[in-house]
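Q: Below is the structure I would like to discuss, written out as structure tokens.
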Amino acid sequence: MSLNLLKGVAGAALTAVAVLAAPLAAQARELVLYNWSDYTPPELLKRFTAETGINITLDLYDSNESMLAKLKAGGSGYDVVVPSDYMVKIMADEGMLVDIGVHDMPNFKNVEGPLKSPYFDPERKYTAPYMYGTTSFSYDTGAIKGLEASWKEFYEPREELRGKIAVLNDQVEVINNALRYLGLPLCNESPADMKKVQELLLKQKPFVALYNSDGTHERLAAKEVVMHMQWNGAAHRAKMALPSVEYVYAKEGISLWADNFAVPVGAKNIEEAKIFINWMMDPKNIAEASNFTGYMGAIPAAAPYLDDAMKADPAVVPPEGMDKLFVMAKPCDVKAKELMDKVWTNVRK
Amino acid sequence: MSDNPLRRFPGTGTAALAFFVFLYAPVVVLIALSFNSGRSSTLWEGFTFDWYGVVLDNPDILRAAKNSLIVGTISTVLSTMLATLAAIGLDRARFRGMNAVNSVIALPLVVPEIVTAVATLIFFLSIGLKLGLGTVILAHVVFCIPFAYLPIKARLEGMPIAYREAAADLYANEWQTFRRVTLPLLWPGVIAGAMLAFITSLDDFVITYFVAGPGASTLPIYIFASLRMGVTPEVNAISSLMLVVSILFVSVSAWIGRRSK
């Protein structure tokens, strides 16, 4: 009797699990968006659903690498992902992206400038631009004045900044901008050049309070540090909280990066994904996203819809001629990467 | 004079105090900052309940919370059922390999979570199971079993066999004995085990992170992804709410355990 009872209960339990594990057939049209955290306005997604009848499920990730790992580890079922420039190249080369013919979409006509045909997807077959930005450094003009628009102020700081600088925990950004400051080529394969970079970073280290990429805007706004390497959108957010924050366009050049919409292989709702991507290239929609994130979309026609605070902030809308300082770094070869790793390990230990 | 032998060692009280401060100060700070009117994670700017409103108004947080509750509830029910069956099945059983069976049941407690996570993911992919809420529930059922099993087993071992023998003397069959005698006496252990299983499921990050598919993000995953923007008051508020739930469940579990002795 008890054996039958055990069998019955165990059978019921296993049946319940099996039912739960089986994917349920979707009734309505839907779309699963896999995006960075704090990068998608909830109201915008609600409006998309209202206008198109497509329900959106939003999942979040914290880095390009964790998104890639999830997709490689069988995370099929995501319909739209948002990889950065270098990650698009990696994913496209590995055959992980669907050719959705972005260049043929009606709203692609709104895309202008260097992001119309970027190195990572020159024909815009796989990706549509979402947000783009730059990486430089910001500082509190209330705490220190008269700084030159140069990486010198960041890598060879003034004595009063000892222990008051925060650096992104990002070896590519830190090393690339150091190479720019030293006038050396990026993706550098020369051990002698990279030794100079290492010496520069070790000399800077006593001035560094921490290496951290999380919540950079709050750290600066709360005056925990005086200077912070950061993305321009984070600088804008910091300025909203602390108006004395200034974003520097370093004369030696600064990093340009771009996040993009793409459809991964294994996506179930490709047509819905195309509708969403085209919808997001509408000036009004991308402007709403820009107002939320503090970053710009690659659609100049969105300018009239931007918040006044966005338009007025040089960190977001670069002053005339500053865009010539923007350099989009391409992924480096193995030798350069190994040297970068070595330098970063020595600096961080 | 206290008979506590630790009292003879000078500095024990101070060390204990330092230990508890080290353990709980971050928790107290986290809760306090969830009521901070400013967005700073370090500077106090005033008192407000606003962030809890923001949390409860965020559809993504609510979806993650709903997923956490679905996973927690279903995996708790299933793991507690299986743990109860295992405890009863193994109660007073004597066979070769008995210790090995107990060790296997307790294995998820000693195997590093990252190992379990990777192994579970590989297993799911190899049998062609699509990652989603179902795979999260399956994984949680497995690692919650020992948490439910141990209190139930302990309760069962402390239960005099005379009660069941008396029921048999009164012509109760096995099912009647189980329903009328064993289960009512076992119930506090089952509840305590279920609560431990629920909290373990609710708080799990590593295994969930590996086996969750589209739309299956739980609160710990949401919190982790949100940290890219820094430890904001919203994150503090969600964490505080989870903490309150955890403390509540653990306290009730401990109270039931004490009361039933």
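Identifiers in the structure tokens: chain A, B, ... in order shown; residue index from 1 per chain; ligand index from 1 in order shown.
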Compile the contact shell of Lys239 of chain A as a list in words: residues with an atom at most 10 Å away, counting only C-alpha atoms, same-chain residues fewer than 4 positions apart removed.
A: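 Final neighbour list, sorted by chain and number: Ser138, Tyr139, Asp140, His217, Glu218, Leu220, Ala221, Gly233, Ala234, Ala235, Pro243, Ser244, Val245, Glu246, Tyr247, Ala309, Asp313 and Ala315 of chain A.
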Q: Please produce a file of the residues just selected, as a PDB file, in the first residue's frame, where the atoms kept are N, CA, C and O atoms.
A:
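File produced: part_7.pdb:
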ATOM      1  N   SER A 138      35.264  62.926 -16.598  1.00  0.00           N
ATOM      2  CA  SER A 138      34.539  64.095 -16.099  1.00  0.00           C
ATOM      3  C   SER A 138      35.173  64.522 -14.790  1.00  0.00           C
ATOM      4  O   SER A 138      35.822  63.714 -14.124  1.00  0.00           O
ATOM      5  N   TYR A 139      34.930  65.761 -14.422  1.00  0.00           N
ATOM      6  CA  TYR A 139      35.419  66.208 -13.118  1.00  0.00           C
ATOM      7  C   TYR A 139      34.481  67.270 -12.557  1.00  0.00           C
ATOM      8  O   TYR A 139      33.679  67.867 -13.283  1.00  0.00           O
ATOM      9  N   ASP A 140      34.592  67.477 -11.267  1.00  0.00           N
ATOM     10  CA  ASP A 140      33.762  68.454 -10.570  1.00  0.00           C
ATOM     11  C   ASP A 140      34.486  69.803 -10.574  1.00  0.00           C
ATOM     12  O   ASP A 140      35.497  69.972  -9.881  1.00  0.00           O
ATOM     13  N   HIS A 217      28.004  57.659 -12.296  1.00  0.00           N
ATOM     14  CA  HIS A 217      27.379  58.986 -12.183  1.00  0.00           C
ATOM     15  C   HIS A 217      27.073  59.329 -10.726  1.00  0.00           C
ATOM     16  O   HIS A 217      27.236  60.470 -10.303  1.00  0.00           O
ATOM     17  N   GLU A 218      26.658  58.319  -9.969  1.00  0.00           N
ATOM     18  CA  GLU A 218      26.319  58.574  -8.563  1.00  0.00           C
ATOM     19  C   GLU A 218      27.566  58.861  -7.734  1.00  0.00           C
ATOM     20  O   GLU A 218      27.544  59.682  -6.825  1.00  0.00           O
ATOM     21  N   LEU A 220      30.266  60.326  -8.707  1.00  0.00           N
ATOM     22  CA  LEU A 220      30.720  61.694  -8.980  1.00  0.00           C
ATOM     23  C   LEU A 220      29.744  62.713  -8.381  1.00  0.00           C
ATOM     24  O   LEU A 220      30.162  63.688  -7.751  1.00  0.00           O
ATOM     25  N   ALA A 221      28.457  62.447  -8.550  1.00  0.00           N
ATOM     26  CA  ALA A 221      27.433  63.369  -8.039  1.00  0.00           C
ATOM     27  C   ALA A 221      27.458  63.449  -6.515  1.00  0.00           C
ATOM     28  O   ALA A 221      27.189  64.501  -5.934  1.00  0.00           O
ATOM     29  N   GLY A 233      26.972  59.492 -21.293  1.00  0.00           N
ATOM     30  CA  GLY A 233      25.615  59.442 -20.729  1.00  0.00           C
ATOM     31  C   GLY A 233      25.640  59.456 -19.215  1.00  0.00           C
ATOM     32  O   GLY A 233      24.786  60.072 -18.564  1.00  0.00           O
ATOM     33  N   ALA A 234      26.643  58.789 -18.647  1.00  0.00           N
ATOM     34  CA  ALA A 234      26.808  58.794 -17.186  1.00  0.00           C
ATOM     35  C   ALA A 234      27.209  60.191 -16.721  1.00  0.00           C
ATOM     36  O   ALA A 234      26.763  60.663 -15.668  1.00  0.00           O
ATOM     37  N   ALA A 235      28.027  60.860 -17.534  1.00  0.00           N
ATOM     38  CA  ALA A 235      28.427  62.236 -17.209  1.00  0.00           C
ATOM     39  C   ALA A 235      27.198  63.150 -17.212  1.00  0.00           C
ATOM     40  O   ALA A 235      27.059  64.031 -16.357  1.00  0.00           O
ATOM     41  N   PRO A 243      25.403  70.060 -11.014  1.00  0.00           N
ATOM     42  CA  PRO A 243      25.624  70.876 -12.221  1.00  0.00           C
ATOM     43  C   PRO A 243      27.075  71.275 -12.489  1.00  0.00           C
ATOM     44  O   PRO A 243      27.412  71.650 -13.610  1.00  0.00           O
ATOM     45  N   SER A 244      27.938  71.169 -11.470  1.00  0.00           N
ATOM     46  CA  SER A 244      29.341  71.569 -11.669  1.00  0.00           C
ATOM     47  C   SER A 244      30.185  70.484 -12.351  1.00  0.00           C
ATOM     48  O   SER A 244      31.390  70.656 -12.536  1.00  0.00           O
ATOM     49  N   VAL A 245      29.550  69.378 -12.741  1.00  0.00           N
ATOM     50  CA  VAL A 245      30.283  68.299 -13.431  1.00  0.00           C
ATOM     51  C   VAL A 245      30.529  68.701 -14.887  1.00  0.00           C
ATOM     52  O   VAL A 245      29.631  69.196 -15.565  1.00  0.00           O
ATOM     53  N   GLU A 246      31.754  68.492 -15.335  1.00  0.00           N
ATOM     54  CA  GLU A 246      32.092  68.803 -16.733  1.00  0.00           C
ATOM     55  C   GLU A 246      32.744  67.593 -17.401  1.00  0.00           C
ATOM     56  O   GLU A 246      33.622  66.957 -16.822  1.00  0.00           O
ATOM     57  N   TYR A 247      32.285  67.304 -18.611  1.00  0.00           N
ATOM     58  CA  TYR A 247      32.813  66.186 -19.397  1.00  0.00           C
ATOM     59  C   TYR A 247      33.894  66.730 -20.326  1.00  0.00           C
ATOM     60  O   TYR A 247      33.700  67.754 -20.983  1.00  0.00           O
ATOM     61  N   ALA A 309      17.376  69.648 -21.325  1.00  0.00           N
ATOM     62  CA  ALA A 309      18.590  69.368 -20.542  1.00  0.00           C
ATOM     63  C   ALA A 309      19.593  68.562 -21.361  1.00  0.00           C
ATOM     64  O   ALA A 309      20.807  68.753 -21.244  1.00  0.00           O
ATOM     65  N   ASP A 313      23.437  69.979 -22.825  1.00  0.00           N
ATOM     66  CA  ASP A 313      24.624  69.371 -22.204  1.00  0.00           C
ATOM     67  C   ASP A 313      25.652  68.986 -23.266  1.00  0.00           C
ATOM     68  O   ASP A 313      25.390  68.112 -24.096  1.00  0.00           O
ATOM     69  N   ALA A 315      28.102  67.161 -23.031  1.00  0.00           N
ATOM     70  CA  ALA A 315      28.472  65.742 -22.924  1.00  0.00           C
ATOM     71  C   ALA A 315      27.622  64.893 -23.862  1.00  0.00           C
ATOM     72  O   ALA A 315      28.085  63.890 -24.403  1.00  0.00           O
TER      73      ALA A 315
END
Q: Please provide as a PyMOL selection string all residues within 12 Å of Glu224 of chain A, with the sequence filter that same-chain residues fewer than 3 positions apart are discarded (counting only C-alpha atoms).
A: (chain A and resi 139-140+143+163-166+208-210+215-221+227-228) or (chain B and resi 40-43)
Q: Go ahead and write the selection's residues with N, CA, C and O atoms as a PDB file, in the first residue's frame.
A:
ATOM      1  N   TYR A 139      34.930  65.761 -14.422  1.00  0.00           N
ATOM      2  CA  TYR A 139      35.419  66.208 -13.118  1.00  0.00           C
ATOM      3  C   TYR A 139      34.481  67.270 -12.557  1.00  0.00           C
ATOM      4  O   TYR A 139      33.679  67.867 -13.283  1.00  0.00           O
ATOM      5  N   ASP A 140      34.592  67.477 -11.267  1.00  0.00           N
ATOM      6  CA  ASP A 140      33.762  68.454 -10.570  1.00  0.00           C
ATOM      7  C   ASP A 140      34.486  69.803 -10.574  1.00  0.00           C
ATOM      8  O   ASP A 140      35.497  69.972  -9.881  1.00  0.00           O
ATOM      9  N   ALA A 143      35.369  71.555  -7.358  1.00  0.00           N
ATOM     10  CA  ALA A 143      36.465  71.076  -6.508  1.00  0.00           C
ATOM     11  C   ALA A 143      37.836  71.374  -7.102  1.00  0.00           C
ATOM     12  O   ALA A 143      38.821  71.508  -6.381  1.00  0.00           O
ATOM     13  N   GLY A 163      44.195  60.201  -4.677  1.00  0.00           N
ATOM     14  CA  GLY A 163      43.135  59.416  -4.026  1.00  0.00           C
ATOM     15  C   GLY A 163      41.730  59.882  -4.352  1.00  0.00           C
ATOM     16  O   GLY A 163      40.764  59.463  -3.716  1.00  0.00           O
ATOM     17  N   LYS A 164      41.596  60.745  -5.365  1.00  0.00           N
ATOM     18  CA  LYS A 164      40.270  61.308  -5.665  1.00  0.00           C
ATOM     19  C   LYS A 164      39.809  61.031  -7.096  1.00  0.00           C
ATOM     20  O   LYS A 164      38.906  61.677  -7.605  1.00  0.00           O
ATOM     21  N   ILE A 165      40.473  60.065  -7.741  1.00  0.00           N
ATOM     22  CA  ILE A 165      40.107  59.730  -9.122  1.00  0.00           C
ATOM     23  C   ILE A 165      39.519  58.319  -9.163  1.00  0.00           C
ATOM     24  O   ILE A 165      40.021  57.414  -8.497  1.00  0.00           O
ATOM     25  N   ALA A 166      38.463  58.158  -9.933  1.00  0.00           N
ATOM     26  CA  ALA A 166      37.900  56.817 -10.156  1.00  0.00           C
ATOM     27  C   ALA A 166      38.099  56.454 -11.625  1.00  0.00           C
ATOM     28  O   ALA A 166      37.938  57.295 -12.509  1.00  0.00           O
ATOM     29  N   VAL A 208      44.417  57.006  -7.712  1.00  0.00           N
ATOM     30  CA  VAL A 208      43.158  56.304  -7.993  1.00  0.00           C
ATOM     31  C   VAL A 208      42.502  55.809  -6.705  1.00  0.00           C
ATOM     32  O   VAL A 208      43.112  55.069  -5.935  1.00  0.00           O
ATOM     33  N   ALA A 209      41.261  56.238  -6.498  1.00  0.00           N
ATOM     34  CA  ALA A 209      40.502  55.779  -5.324  1.00  0.00           C
ATOM     35  C   ALA A 209      39.978  54.367  -5.566  1.00  0.00           C
ATOM     36  O   ALA A 209      39.983  53.531  -4.668  1.00  0.00           O
ATOM     37  N   LEU A 210      39.501  54.116  -6.785  1.00  0.00           N
ATOM     38  CA  LEU A 210      39.001  52.777  -7.119  1.00  0.00           C
ATOM     39  C   LEU A 210      38.869  52.593  -8.626  1.00  0.00           C
ATOM     40  O   LEU A 210      38.761  53.568  -9.372  1.00  0.00           O
ATOM     41  N   GLY A 215      27.693  52.410 -11.448  1.00  0.00           N
ATOM     42  CA  GLY A 215      27.182  53.618 -10.801  1.00  0.00           C
ATOM     43  C   GLY A 215      28.134  54.792 -10.813  1.00  0.00           C
ATOM     44  O   GLY A 215      28.249  55.525  -9.830  1.00  0.00           O
ATOM     45  N   THR A 216      28.802  55.014 -11.943  1.00  0.00           N
ATOM     46  CA  THR A 216      29.824  56.068 -12.000  1.00  0.00           C
ATOM     47  C   THR A 216      29.219  57.456 -11.791  1.00  0.00           C
ATOM     48  O   THR A 216      29.840  58.315 -11.170  1.00  0.00           O
ATOM     49  N   HIS A 217      28.004  57.659 -12.296  1.00  0.00           N
ATOM     50  CA  HIS A 217      27.379  58.986 -12.183  1.00  0.00           C
ATOM     51  C   HIS A 217      27.073  59.329 -10.726  1.00  0.00           C
ATOM     52  O   HIS A 217      27.236  60.470 -10.303  1.00  0.00           O
ATOM     53  N   GLU A 218      26.658  58.319  -9.969  1.00  0.00           N
ATOM     54  CA  GLU A 218      26.319  58.574  -8.563  1.00  0.00           C
ATOM     55  C   GLU A 218      27.566  58.861  -7.734  1.00  0.00           C
ATOM     56  O   GLU A 218      27.544  59.682  -6.825  1.00  0.00           O
ATOM     57  N   ARG A 219      28.638  58.182  -8.080  1.00  0.00           N
ATOM     58  CA  ARG A 219      29.893  58.375  -7.340  1.00  0.00           C
ATOM     59  C   ARG A 219      30.394  59.809  -7.496  1.00  0.00           C
ATOM     60  O   ARG A 219      30.867  60.422  -6.548  1.00  0.00           O
ATOM     61  N   LEU A 220      30.266  60.326  -8.707  1.00  0.00           N
ATOM     62  CA  LEU A 220      30.720  61.694  -8.980  1.00  0.00           C
ATOM     63  C   LEU A 220      29.744  62.713  -8.381  1.00  0.00           C
ATOM     64  O   LEU A 220      30.162  63.688  -7.751  1.00  0.00           O
ATOM     65  N   ALA A 221      28.457  62.447  -8.550  1.00  0.00           N
ATOM     66  CA  ALA A 221      27.433  63.369  -8.039  1.00  0.00           C
ATOM     67  C   ALA A 221      27.458  63.449  -6.515  1.00  0.00           C
ATOM     68  O   ALA A 221      27.189  64.501  -5.934  1.00  0.00           O
ATOM     69  N   MET A 227      37.195  63.261  -9.886  1.00  0.00           N
ATOM     70  CA  MET A 227      37.353  62.987 -11.319  1.00  0.00           C
ATOM     71  C   MET A 227      37.007  61.523 -11.585  1.00  0.00           C
ATOM     72  O   MET A 227      37.314  60.659 -10.763  1.00  0.00           O
ATOM     73  N   HIS A 228      36.363  61.281 -12.726  1.00  0.00           N
ATOM     74  CA  HIS A 228      35.938  59.908 -13.027  1.00  0.00           C
ATOM     75  C   HIS A 228      36.026  59.653 -14.522  1.00  0.00           C
ATOM     76  O   HIS A 228      35.485  60.422 -15.312  1.00  0.00           O
TER      77      HIS A 228
ATOM     78  N   SER B  40      22.072  58.791  -3.925  1.00  0.00           N
ATOM     79  CA  SER B  40      23.428  58.366  -3.578  1.00  0.00           C
ATOM     80  C   SER B  40      23.411  57.089  -2.751  1.00  0.00           C
ATOM     81  O   SER B  40      22.533  56.880  -1.922  1.00  0.00           O
ATOM     82  N   SER B  41      24.428  56.271  -3.004  1.00  0.00           N
ATOM     83  CA  SER B  41      24.534  55.030  -2.228  1.00  0.00           C
ATOM     84  C   SER B  41      25.415  55.234  -0.997  1.00  0.00           C
ATOM     85  O   SER B  41      25.684  54.291  -0.268  1.00  0.00           O
ATOM     86  N   THR B  42      25.872  56.452  -0.781  1.00  0.00           N
ATOM     87  CA  THR B  42      26.739  56.693   0.383  1.00  0.00           C
ATOM     88  C   THR B  42      26.308  57.887   1.232  1.00  0.00           C
ATOM     89  O   THR B  42      26.541  57.897   2.430  1.00  0.00           O
ATOM     90  N   LEU B  43      25.696  58.887   0.602  1.00  0.00           N
ATOM     91  CA  LEU B  43      25.355  60.102   1.354  1.00  0.00           C
ATOM     92  C   LEU B  43      23.882  60.124   1.736  1.00  0.00           C
ATOM     93  O   LEU B  43      23.010  59.980   0.883  1.00  0.00           O
TER      94      LEU B  43
END
Q: Name the residues of segment 62-288 of chain A that fall into helix (DSSP H, G or I) according to DSSP on the backbone, using the chain letters and numbers of this document, as a PyMOL selection string.
A: chain A and resi 64-72+85-93+102-104+106-110+114-116+152-155+159-161+171-182+191-207+216-221+232-241+270-280+283-288
Q: Give me the residues near Thr200 of chain B as a list of chain:residue names, where near means some atom within 9 Å (using only C-alpha atoms) and where sequence neighbours in that chain fewer than 3 positions away do not count.
A: B:Gly72, B:His140, B:Phe143, B:Cys144, B:Phe147, B:Met195, B:Leu196, B:Ala197, B:Asp203, B:Asp204, B:Ser246
Q: Considering only C-alpha atoms, can you say which of A:Val102, A:Met91, A:Leu168, A:Ile54 comes closest to chain B?
A: A:Leu168
Q: From the set A:Ile100, A:Leu115, A:Ala267, A:Met340, which residue has the shortest atom-to-atom contact distance to chain B, counting only C-alpha atoms?
A: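 Going through A:Ile100, A:Leu115, A:Ala267, A:Met340 one by one, the smallest distance to chain B is for A:Ala267.
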Q: In Å, rounded to a single decimal, give me how far atom CA of Gln230 of chain A is from atom CA of Phe137 of chain A.
A: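 The value is 5.4 Å.
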Q: How many Å lie between atom CA of Phe108 of chain A and atom CA of Ala262 of chain A, rounded to one decimal?
A: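 Going from atom CA of Phe108 of chain A over to atom CA of Ala262 of chain A covers 14.0 Å.
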Q: Contacts of Lys72 of chain A at 12 Å or less, counting only C-alpha atoms, minus same-chain residues fewer than 4 places along, as a ChimeraX atom specification?
A: /A:65-68,76-78,91,94-97,264-266 /B:121-122,125,210
Q: Do you have the atom CA of Leu78 of chain B-atom CA of Pro108 of chain B distance handy?
A: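 Atom CA of Pro108 of chain B lies at a distance of 16.2 Å from atom CA of Leu78 of chain B.
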Q: Name all residues at most 10 Å from Trp257 of chain A (count only C-alpha atoms; drop same-chain ones fewer than 6 positions away) and give them as a PyMOL selection string.
A: chain A and resi 84-86+115+131-135+231+326-330
Q: Find, counting only C-alpha atoms, the residue in A:Ala287, A:Pro122, A:Phe276, A:Ala241 that gets nearest to Val263 of chain A.
A: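 Result for the nearest residue to Val263 of chain A: A:Phe276.
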Q: Using only C-alpha atoms for the distances, tell me which of B:Ser201, B:Gly13, B:Val142, B:Gly53 is nearest to chain A.
A: B:Val142
Q: Which residues, written as a short mmCIF file (atom, residue, chain, number, x, y, z; two decimals) with C-alpha atoms, in the first residue's frame, have at least one atom at most 9 Å from Leu90 of chain B, with only C-alpha atoms counted and residues fewer than 4 positions away on the same chain left out?
A:
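As written to disk, out.cif reads:
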data_model
loop_
_atom_site.label_atom_id
_atom_site.label_comp_id
_atom_site.auth_asym_id
_atom_site.auth_seq_id
_atom_site.Cartn_x
_atom_site.Cartn_y
_atom_site.Cartn_z
CA LEU B 85 8.87 10.59 0.83
CA ALA B 86 12.62 10.03 1.03
CA ARG B 94 18.74 -0.86 7.34
CA MET B 98 22.40 3.42 3.56
CA VAL B 101 22.10 7.20 -0.02
CA ASN B 102 22.07 9.84 2.74
CA LYS B 153 14.54 13.48 8.87
#
